Amino acid sequence: MNLISYIGKYFLFIIEIFKKNEKKIIIYKTTIDEIYNLGIKSISFVIFVSMFVGAVVTIQTTANMEGSWMPRTLIGYATRDAIILEFSPTIISLLLAGKVGSNIASSIGSMRITEQIDALEVMGVNPVSYLIRPKIYAMVLFNPILISLSMIIGIIGGLFAVILSGDCTISEYVSGIKYSFVPYKTFYALVKTVLFAFIISSVSSFFGFNVKGGALEVGKSSTRAVVYSSVMIIVSNYILTQLLLS
Amino acid sequence: MVEIINLSKSFSNNKVLNDISFKFDRGVTNLVIGKSGSGKTVLLKCLLSLHKIDSGEIKFDGLNIKNISNKKLRILRKNIGVVFQGGALFDSMNIEENIMFPLHMFSNLSFNEKIYQVNKCLKRVNLINKNKLFPSEISGGMKKRVSIARAIVLSPKYLICDEPNSGLDPYTSILIDNLLQEITYENNMTTIINTHDMNSLMQIGDKIMYINNGLLVWQGNKNQILDSTNHELNKFIFSSRLFKKIKL
Ligand SMILES: Nc1ncnc2c1ncn2[C@@H]1O[C@H](COP(=O)(O)OP(=O)(O)O)[C@@H](O)[C@H]1O
Ligand SMILES: [Mg+2]
């Protein structure tokens with residue numbers, strides 16, 4: 001299949017996802033399950049990664065200011081903006097594309113090759129909306145929460161880094177964090193996370209759903225899911241940043 | 001009765017089914033036999049409207065499923081029980097939830113009534129007190145039985161099974177075959193079973209169609225098969241030494 005027909009198929013797939021026909025209560029219940037599977041289960045991973053990323057951002061910011069005339073409060077200020085604007089929303093979403101995206105693609109792919117998707121269809125269920133809508137809802141609802149958590153933990157990670165290195169005092173770091181805070185930037189960051197969550201869940205589902213063959217193809221589809229959702233995240237990040245921040 | 005008339009189906013330029021006509025009778029076990037890759041699964045999926053056919057007609061007791069509306073297709077599907085190859089049980093649900101799923105989708109019974117139906121079907125396939133196990137925790141034969149229970153929970157008029165005893169030992173295979181035949185007789189269903197298992201053929205072959213290279217090559221029943229003079233059929237059936245001996 002060429003790229004154009006892929007893109008066409010993807011958009012038809014998206015339309016199919018939002019066709020109304022399942023009982024609301026069923027979608028609601030499965031969404032709760034998916035929030036647990038795709039969201040809650042990622043919390044410890046996000047905390048761990050954000051802690052280290054936050055620390056590294058702080059150390060690098062400090063290194064760039066070495067010996068300069070700039071006030072030490074800038075360390076906290078620069079760390080905050082780097083984490084909120086880019087590191088948490090984009091980097092963590094890319095990592096989640098790897099973790100959650102491959103999970104979605106392989107679980108839907110294996111349902112496809114074991115004919116569970118055909119079974120759903122003959123039981124009067126629209127498998128596209130039944131399987132995938134809850135995943136999209138769960139990701140779109142929970143990703144902003146995960147990323148907000150990541151922002152907070154990242155900033156705390158930075159604090160640990162300055163405590164360990166002694167490059168600035170805690171109160172300098174904290175007043176840097178509070179310095180000229182623009183809530184709109186956080187809003188922009190959370191808009192990004194919603195879009196990224198949609199990309200991860202829909203693209204991965206698309207590749208999983210269209211698996212043909214056996215276990216080998218399921219593996220290939222989950223690789224493709226991660227690659228394509230990452231690429232789409234990177235490109236849409238550029239477009240959104242241009243639209244919202246310039 | 002399910003009737004197919006001049007049915008053809010191809011994938012790009014691979015002609016899988018070529019102008020096939022056949023009647024699957026009510027109240028008996030109808031077998032579709034053929035080599036692996038001969039198009040048995042494709043035929044069943046055409047019956048289930050999972051594949052779109054190129055030409056021909058499929059009629060369920062007179063109801064033509066060509067251009068059928070979604071609403072009518074839904075009603076028809078409620079009346080078809082399907083046992084997929086490998087069972088196709090939902091991994092994320094336990095046995096009870098698997099069997100209850102069609103009830104959730106198609107009925108408005110209360111929870112207790114649903115449980116009652118589930119247990120009745122589990123008893124019918126000789127699986128009791130296994131309600132809370134997950135598909136990954138049970139054997140291949142049990143999976144097939146759960147799948148049969150799920151297929152009959154809505155008391156369908158039609159039962160469609162894709163190689164229900166593939167991957168099972170000869171003893172368990174015969175149990176499954178007999179179970180399917182008994183259920184068919186009890187409920188006067190139109191049952192269609194794909195198989196390439198010679199034991200099944202001799203055991204439950206009330207009516208048989210043999211397809212090869214996309215063509216319907218032979219039809220008959222288990223008593224006629226031993227006397228058949230069809231060269232292609234004989235090559236397929238009597239390929240093992242055991243069956244060659246039976247033929248002599
Ligand atoms: N979805 C599909 N797309 C393309 N070709 C298919 C598809 N499903 C089956 N086929 C082809 O149809 C032929 C018959 O397959 P199948 O019905 O699965 O055989 P079997 O008799 O073993 O069940 C095979 O050559 C297979 O490659
Ligand atoms: Mg098959």
# chains A, B, ... in the order shown; residues from 1 in each chain; ligands from 1
call {"tool": "select_by_dssp", "arguments": {"residues": "segment 80-138 of chain B", "states": "strand (DSSP E or B)", "output": "ChimeraX atom specification"}}
result
/B:80-84,87
call {"tool": "residues_near_ligand", "arguments": {"ligand": "ligand 2", "cutoff": "8 Å", "atoms": "only C-alpha atoms and all ligand atoms", "output": "VMD selection string"}}
result
chain B and resid 36 to 37 39 to 42 85 162 to 163 194
call {"tool": "write_last_selection", "arguments": {"atoms": "N, CA, C and O atoms", "output": "PDB file, in the first residue's frame"}}
result
ATOM      1  N   SER B  36      -5.979 -27.981   3.341  1.00  0.00           N
ATOM      2  CA  SER B  36      -5.642 -26.714   3.972  1.00  0.00           C
ATOM      3  C   SER B  36      -5.395 -25.676   2.881  1.00  0.00           C
ATOM      4  O   SER B  36      -4.699 -25.954   1.907  1.00  0.00           O
ATOM      5  N   GLY B  37      -6.012 -24.519   2.987  1.00  0.00           N
ATOM      6  CA  GLY B  37      -5.842 -23.487   1.969  1.00  0.00           C
ATOM      7  C   GLY B  37      -6.814 -23.596   0.807  1.00  0.00           C
ATOM      8  O   GLY B  37      -6.729 -22.863  -0.169  1.00  0.00           O
ATOM      9  N   GLY B  39      -9.960 -22.942   0.875  1.00  0.00           N
ATOM     10  CA  GLY B  39     -10.992 -21.907   0.892  1.00  0.00           C
ATOM     11  C   GLY B  39     -12.157 -22.179   1.843  1.00  0.00           C
ATOM     12  O   GLY B  39     -13.179 -21.510   1.776  1.00  0.00           O
ATOM     13  N   LYS B  40     -11.983 -23.132   2.754  1.00  0.00           N
ATOM     14  CA  LYS B  40     -13.068 -23.471   3.686  1.00  0.00           C
ATOM     15  C   LYS B  40     -13.412 -22.285   4.585  1.00  0.00           C
ATOM     16  O   LYS B  40     -14.573 -21.927   4.758  1.00  0.00           O
ATOM     17  N   THR B  41     -12.359 -21.688   5.166  1.00  0.00           N
ATOM     18  CA  THR B  41     -12.603 -20.554   6.065  1.00  0.00           C
ATOM     19  C   THR B  41     -13.203 -19.371   5.309  1.00  0.00           C
ATOM     20  O   THR B  41     -14.124 -18.711   5.800  1.00  0.00           O
ATOM     21  N   VAL B  42     -12.694 -19.157   4.097  1.00  0.00           N
ATOM     22  CA  VAL B  42     -13.232 -18.056   3.289  1.00  0.00           C
ATOM     23  C   VAL B  42     -14.721 -18.274   3.039  1.00  0.00           C
ATOM     24  O   VAL B  42     -15.528 -17.344   3.151  1.00  0.00           O
ATOM     25  N   GLN B  85     -11.996 -21.049  14.454  1.00  0.00           N
ATOM     26  CA  GLN B  85     -10.837 -21.920  14.606  1.00  0.00           C
ATOM     27  C   GLN B  85     -10.009 -21.377  15.774  1.00  0.00           C
ATOM     28  O   GLN B  85      -9.773 -20.186  15.868  1.00  0.00           O
ATOM     29  N   ASP B 162     -15.578 -23.543  12.456  1.00  0.00           N
ATOM     30  CA  ASP B 162     -14.380 -23.640  11.623  1.00  0.00           C
ATOM     31  C   ASP B 162     -13.366 -24.566  12.283  1.00  0.00           C
ATOM     32  O   ASP B 162     -12.766 -24.207  13.286  1.00  0.00           O
ATOM     33  N   GLU B 163     -13.210 -25.726  11.709  1.00  0.00           N
ATOM     34  CA  GLU B 163     -12.291 -26.750  12.237  1.00  0.00           C
ATOM     35  C   GLU B 163     -12.364 -26.853  13.761  1.00  0.00           C
ATOM     36  O   GLU B 163     -11.385 -26.594  14.458  1.00  0.00           O
ATOM     37  N   ASN B 194     -16.500 -26.946   9.114  1.00  0.00           N
ATOM     38  CA  ASN B 194     -15.297 -27.118   8.293  1.00  0.00           C
ATOM     39  C   ASN B 194     -14.408 -28.157   8.935  1.00  0.00           C
ATOM     40  O   ASN B 194     -14.187 -28.099  10.135  1.00  0.00           O
TER      41      ASN B 194
END
call {"tool": "residues_around", "arguments": {"residues": "Ile136 of chain A", "least_positions_apart": "4", "cutoff": "8 Å", "atoms": "only C-alpha atoms", "output": "MDAnalysis selection string"}}
result
chainID A and resid 132 140 197:198 201:202
call {"tool": "write_last_selection", "arguments": {"atoms": "N, CA, C and O atoms", "output": "compact mmCIF listing (two decimals), in the first residue's frame"}}
result
# COMPACT_ATOMS: atom_id res chain seq x y z
N ILE A 132 -11.68 0.47 20.23
CA ILE A 132 -10.72 1.56 20.12
C ILE A 132 -11.18 2.85 20.79
O ILE A 132 -10.39 3.57 21.38
N VAL A 140 -6.77 10.23 26.06
CA VAL A 140 -6.99 11.67 25.96
C VAL A 140 -7.33 12.26 27.34
O VAL A 140 -6.93 13.36 27.68
N ALA A 197 -1.82 12.26 22.78
CA ALA A 197 -2.54 11.07 23.27
C ALA A 197 -3.43 10.51 22.18
O ALA A 197 -3.51 9.29 21.98
N PHE A 198 -4.08 11.42 21.45
CA PHE A 198 -4.94 10.97 20.35
C PHE A 198 -4.12 10.28 19.27
O PHE A 198 -4.50 9.23 18.75
N SER A 201 -2.89 6.72 20.54
CA SER A 201 -3.91 5.68 20.63
C SER A 201 -4.52 5.36 19.26
O SER A 201 -4.72 4.18 18.95
N SER A 202 -4.76 6.38 18.42
CA SER A 202 -5.41 6.05 17.15
C SER A 202 -4.44 5.41 16.16
O SER A 202 -4.79 4.43 15.50
call {"tool": "interface_residues", "arguments": {"of": "chain A", "to": "chain B", "cutoff": "7 Å", "atoms": "only C-alpha atoms", "output": "list of chain:residue names"}}
result
A:Thr114, A:Glu115, A:Gln116, A:Ala119, A:Val122, A:Met123, A:Gly124
call {"tool": "write_last_selection", "arguments": {"atoms": "N, CA, C and O atoms", "output": "PDB file, in the first residue's frame"}}
result
ATOM      1  N   THR A 114      -6.205 -13.924  16.037  1.00  0.00           N
ATOM      2  CA  THR A 114      -6.906 -15.045  16.665  1.00  0.00           C
ATOM      3  C   THR A 114      -8.414 -14.958  16.426  1.00  0.00           C
ATOM      4  O   THR A 114      -9.190 -15.667  17.065  1.00  0.00           O
ATOM      5  N   GLU A 115      -8.824 -14.106  15.509  1.00  0.00           N
ATOM      6  CA  GLU A 115     -10.225 -13.976  15.074  1.00  0.00           C
ATOM      7  C   GLU A 115     -11.162 -13.455  16.146  1.00  0.00           C
ATOM      8  O   GLU A 115     -12.377 -13.542  16.026  1.00  0.00           O
ATOM      9  N   GLN A 116     -10.599 -12.880  17.227  1.00  0.00           N
ATOM     10  CA  GLN A 116     -11.486 -12.293  18.245  1.00  0.00           C
ATOM     11  C   GLN A 116     -12.238 -11.098  17.676  1.00  0.00           C
ATOM     12  O   GLN A 116     -13.367 -10.803  18.086  1.00  0.00           O
ATOM     13  N   ALA A 119     -15.062 -12.407  15.775  1.00  0.00           N
ATOM     14  CA  ALA A 119     -16.074 -12.878  16.726  1.00  0.00           C
ATOM     15  C   ALA A 119     -16.919 -11.714  17.226  1.00  0.00           C
ATOM     16  O   ALA A 119     -18.141 -11.809  17.308  1.00  0.00           O
ATOM     17  N   VAL A 122     -19.451 -10.725  14.483  1.00  0.00           N
ATOM     18  CA  VAL A 122     -20.635 -11.576  14.316  1.00  0.00           C
ATOM     19  C   VAL A 122     -21.547 -11.519  15.547  1.00  0.00           C
ATOM     20  O   VAL A 122     -22.687 -11.950  15.487  1.00  0.00           O
ATOM     21  N   MET A 123     -21.047 -10.998  16.648  1.00  0.00           N
ATOM     22  CA  MET A 123     -21.925 -10.812  17.807  1.00  0.00           C
ATOM     23  C   MET A 123     -22.567  -9.434  17.792  1.00  0.00           C
ATOM     24  O   MET A 123     -23.031  -8.935  18.819  1.00  0.00           O
ATOM     25  N   GLY A 124     -22.570  -8.812  16.622  1.00  0.00           N
ATOM     26  CA  GLY A 124     -23.305  -7.569  16.482  1.00  0.00           C
ATOM     27  C   GLY A 124     -22.597  -6.346  17.027  1.00  0.00           C
ATOM     28  O   GLY A 124     -23.212  -5.320  17.250  1.00  0.00           O
TER      29      GLY A 124
END
call {"tool": "closest_residue", "arguments": {"among": "B:Lys23, B:Lys144, B:Arg150, B:Lys35", "to": "ligand 1", "atoms": "only C-alpha atoms and all ligand atoms"}}
result
B:Lys35
call {"tool": "select_by_dssp", "arguments": {"residues": "segment 36-246 of chain B", "states": "helix (DSSP H, G or I)", "output": "ChimeraX atom specification"}}
result
/B:40-47,70-78,95-106,111-124,135-137,140-152,170-187,198-204,222-225,231-237,241-246
call {"tool": "atom_distance", "arguments": {"atom1": "atom CA of Asn119 of chain B", "atom2": "atom CA of Pro135 of chain B"}}
result
16.8 Å
call {"tool": "closest_residue", "arguments": {"among": "B:Tyr185, B:Ser239, B:Ser136, B:Asn18", "to": "ligand 1", "atoms": "only C-alpha atoms and all ligand atoms"}}
result
B:Asn18
call {"tool": "closest_residue", "arguments": {"among": "B:Lys222, B:Lys244, B:His196, B:Lys157", "to": "ligand 1", "atoms": "only C-alpha atoms and all ligand atoms"}}
result
B:His196
call {"tool": "residues_around", "arguments": {"residues": "Ala225 of chain A", "least_positions_apart": "4", "cutoff": "6 Å", "atoms": "only C-alpha atoms", "output": "ChimeraX atom specification"}}
result
/A:204,207,221,229
call {"tool": "closest_residue", "arguments": {"among": "A:Asn210, A:Thr31, A:Ser222, A:Asn126", "to": "ligand 1", "atoms": "only C-alpha atoms and all ligand atoms"}}
result
A:Asn210
call {"tool": "closest_residue", "arguments": {"among": "A:Leu12, A:Val227, A:Ile27, A:Ile104", "to": "Pro134 of chain A", "atoms": "only C-alpha atoms"}}
result
A:Ile27
call {"tool": "closest_atom_pairs", "arguments": {"of": "chain A", "to": "ligand 1", "cutoff": "12 Å", "atoms": "only C-alpha atoms and all ligand atoms", "output": "Markdown table"}}
result
| residue | atom | partner | partner_atom_place_in_ligand_line | distance |
| --- | --- | --- | --- | --- |
| A:Arg112 | CA | ligand 1 | 1 (N) | 11.2 |
| A:Ile113 | CA | ligand 1 | 1 (N) | 10.7 |
| A:Glu115 | CA | ligand 1 | 1 (N) | 11.5 |
| A:Asp118 | CA | ligand 1 | 1 (N) | 11.5 |
| A:Asn210 | CA | ligand 1 | 1 (N) | 10.5 |
| A:Val211 | CA | ligand 1 | 1 (N) | 10.2 |
| A:Lys212 | CA | ligand 1 | 1 (N) | 7.3 |
| A:Gly213 | CA | ligand 1 | 1 (N) | 8.8 |
call {"tool": "atom_distance", "arguments": {"atom1": "atom CA of Ser200 of chain B", "atom2": "atom CA of Met1 of chain B"}}
result
21.3 Å
call {"tool": "residues_around", "arguments": {"residues": "Asn67 of chain B", "least_positions_apart": "2", "cutoff": "12 Å", "atoms": "only C-alpha atoms", "output": "VMD selection string"}}
result
chain B and resid 49 52 to 53 55 57 to 59 63 to 65 69 to 73
call {"tool": "write_last_selection", "arguments": {"atoms": "all heavy atoms", "output": "tab-separated table (two decimals), in the first residue's frame"}}
result
chain	number	residue	atom	x	y	z
B	49	SER	N	-20.94	-12.86	6.24
B	49	SER	CA	-20.78	-11.48	5.75
B	49	SER	C	-19.54	-10.80	6.30
B	49	SER	O	-19.49	-9.59	6.45
B	49	SER	CB	-21.99	-10.60	6.09
B	49	SER	OG	-23.12	-11.07	5.44
B	52	LYS	N	-16.98	-9.88	1.60
B	52	LYS	CA	-17.97	-9.52	0.58
B	52	LYS	C	-17.77	-10.46	-0.61
B	52	LYS	O	-16.65	-10.64	-1.05
B	52	LYS	CB	-17.72	-8.07	0.17
B	52	LYS	CG	-18.93	-7.34	-0.34
B	52	LYS	CD	-18.62	-5.84	-0.44
B	52	LYS	CE	-19.47	-5.14	-1.47
B	52	LYS	NZ	-20.83	-5.55	-1.65
B	53	ILE	N	-18.86	-11.04	-1.09
B	53	ILE	CA	-18.69	-11.97	-2.21
B	53	ILE	C	-18.67	-11.23	-3.54
B	53	ILE	O	-19.20	-10.13	-3.66
B	53	ILE	CB	-19.80	-13.06	-2.22
B	53	ILE	CG1	-21.20	-12.43	-2.36
B	53	ILE	CG2	-19.73	-13.89	-0.96
B	53	ILE	CD1	-22.29	-13.46	-2.47
B	55	SER	N	-19.68	-12.62	-6.64
B	55	SER	CA	-20.94	-12.87	-7.36
B	55	SER	C	-21.63	-14.08	-6.75
B	55	SER	O	-21.03	-14.83	-5.98
B	55	SER	CB	-20.66	-13.11	-8.84
B	55	SER	OG	-19.85	-14.25	-8.98
B	57	GLU	N	-25.21	-15.89	-4.78
B	57	GLU	CA	-26.16	-15.55	-3.73
B	57	GLU	C	-26.02	-16.47	-2.53
B	57	GLU	O	-25.61	-17.62	-2.67
B	57	GLU	CB	-27.59	-15.67	-4.28
B	57	GLU	CG	-27.96	-14.46	-5.11
B	57	GLU	CD	-29.29	-14.62	-5.82
B	57	GLU	OE1	-30.01	-15.61	-5.57
B	57	GLU	OE2	-29.59	-13.73	-6.62
B	58	ILE	N	-26.36	-15.94	-1.37
B	58	ILE	CA	-26.39	-16.74	-0.15
B	58	ILE	C	-27.74	-16.51	0.50
B	58	ILE	O	-28.15	-15.36	0.71
B	58	ILE	CB	-25.28	-16.31	0.82
B	58	ILE	CG1	-23.90	-16.53	0.19
B	58	ILE	CG2	-25.39	-17.08	2.13
B	58	ILE	CD1	-22.75	-15.97	1.01
B	59	LYS	N	-28.46	-17.60	0.78
B	59	LYS	CA	-29.79	-17.45	1.37
B	59	LYS	C	-29.91	-18.23	2.67
B	59	LYS	O	-29.63	-19.43	2.69
B	59	LYS	CB	-30.86	-17.94	0.39
B	59	LYS	CG	-31.04	-17.03	-0.81
B	59	LYS	CD	-32.11	-17.59	-1.73
B	59	LYS	CE	-32.30	-16.69	-2.95
B	59	LYS	NZ	-33.11	-17.37	-3.98
B	63	LEU	N	-33.77	-15.94	3.07
B	63	LEU	CA	-33.34	-14.55	3.22
B	63	LEU	C	-32.01	-14.33	2.50
B	63	LEU	O	-30.98	-14.88	2.90
B	63	LEU	CB	-33.20	-14.20	4.71
B	63	LEU	CG	-32.61	-12.82	5.01
B	63	LEU	CD1	-33.61	-11.72	4.66
B	63	LEU	CD2	-32.21	-12.70	6.47
B	64	ASN	N	-32.05	-13.53	1.46
B	64	ASN	CA	-30.86	-13.26	0.67
B	64	ASN	C	-30.00	-12.21	1.38
B	64	ASN	O	-30.49	-11.13	1.72
B	64	ASN	CB	-31.28	-12.75	-0.71
B	64	ASN	CG	-30.13	-12.80	-1.69
B	64	ASN	OD1	-28.97	-12.66	-1.31
B	64	ASN	ND2	-30.46	-13.01	-2.96
B	65	ILE	N	-28.74	-12.53	1.63
B	65	ILE	CA	-27.94	-11.57	2.41
B	65	ILE	C	-27.17	-10.58	1.54
B	65	ILE	O	-26.41	-9.78	2.04
B	65	ILE	CB	-26.96	-12.28	3.38
B	65	ILE	CG1	-25.93	-13.12	2.63
B	65	ILE	CG2	-27.71	-13.10	4.38
B	65	ILE	CD1	-24.79	-13.57	3.55
B	69	SER	N	-29.78	-4.96	4.78
B	69	SER	CA	-29.57	-3.76	5.60
B	69	SER	C	-28.84	-4.14	6.90
B	69	SER	O	-28.89	-5.29	7.32
B	69	SER	CB	-30.91	-3.12	5.95
B	69	SER	OG	-31.61	-3.94	6.86
B	70	ASN	N	-28.20	-3.17	7.50
B	70	ASN	CA	-27.47	-3.44	8.73
B	70	ASN	C	-28.36	-4.00	9.83
B	70	ASN	O	-27.98	-4.86	10.59
B	70	ASN	CB	-26.79	-2.16	9.25
B	70	ASN	CG	-25.47	-1.94	8.55
B	70	ASN	OD1	-24.87	-2.89	8.03
B	70	ASN	ND2	-25.02	-0.69	8.50
B	71	LYS	N	-29.58	-3.47	9.85
B	71	LYS	CA	-30.52	-3.89	10.89
B	71	LYS	C	-30.88	-5.36	10.72
B	71	LYS	O	-30.88	-6.15	11.67
B	71	LYS	CB	-31.77	-3.01	10.81
B	71	LYS	CG	-32.50	-2.90	12.11
B	71	LYS	CD	-33.64	-1.89	12.00
B	71	LYS	CE	-34.64	-2.12	13.10
B	71	LYS	NZ	-35.91	-1.43	12.85
B	72	LYS	N	-31.17	-5.74	9.45
B	72	LYS	CA	-31.54	-7.14	9.19
B	72	LYS	C	-30.35	-8.06	9.40
B	72	LYS	O	-30.49	-9.18	9.88
B	72	LYS	CB	-32.06	-7.27	7.76
B	72	LYS	CG	-33.50	-6.84	7.62
B	72	LYS	CD	-34.11	-7.46	6.36
B	72	LYS	CE	-35.58	-7.13	6.27
B	72	LYS	NZ	-35.99	-6.80	4.90
B	73	LEU	N	-29.15	-7.57	9.06
B	73	LEU	CA	-27.95	-8.39	9.24
B	73	LEU	C	-27.75	-8.67	10.73
B	73	LEU	O	-27.38	-9.78	11.14
B	73	LEU	CB	-26.72	-7.66	8.67
B	73	LEU	CG	-25.40	-8.42	8.78
B	73	LEU	CD1	-25.44	-9.72	8.01
B	73	LEU	CD2	-24.23	-7.56	8.28
call {"tool": "residues_around", "arguments": {"residues": "Ala189 of chain A", "least_positions_apart": "2", "cutoff": "12 Å", "atoms": "only C-alpha atoms", "output": "PyMOL selection string"}}
result
chain A and resi 81-93+143-145+147-148+150-151+182-187+191-196+237+240-241+244-245
call {"tool": "closest_residue", "arguments": {"among": "A:Ile117, A:Ile59, A:Ile239, A:Leu131", "to": "Tyr28 of chain A", "atoms": "only C-alpha atoms"}}
result
A:Leu131
call {"tool": "residues_around", "arguments": {"residues": "Gly109 of chain A", "least_positions_apart": "2", "cutoff": "7 Å", "atoms": "only C-alpha atoms", "output": "PyMOL selection string"}}
result
chain A and resi 105-107+111-113+208-209+211+218
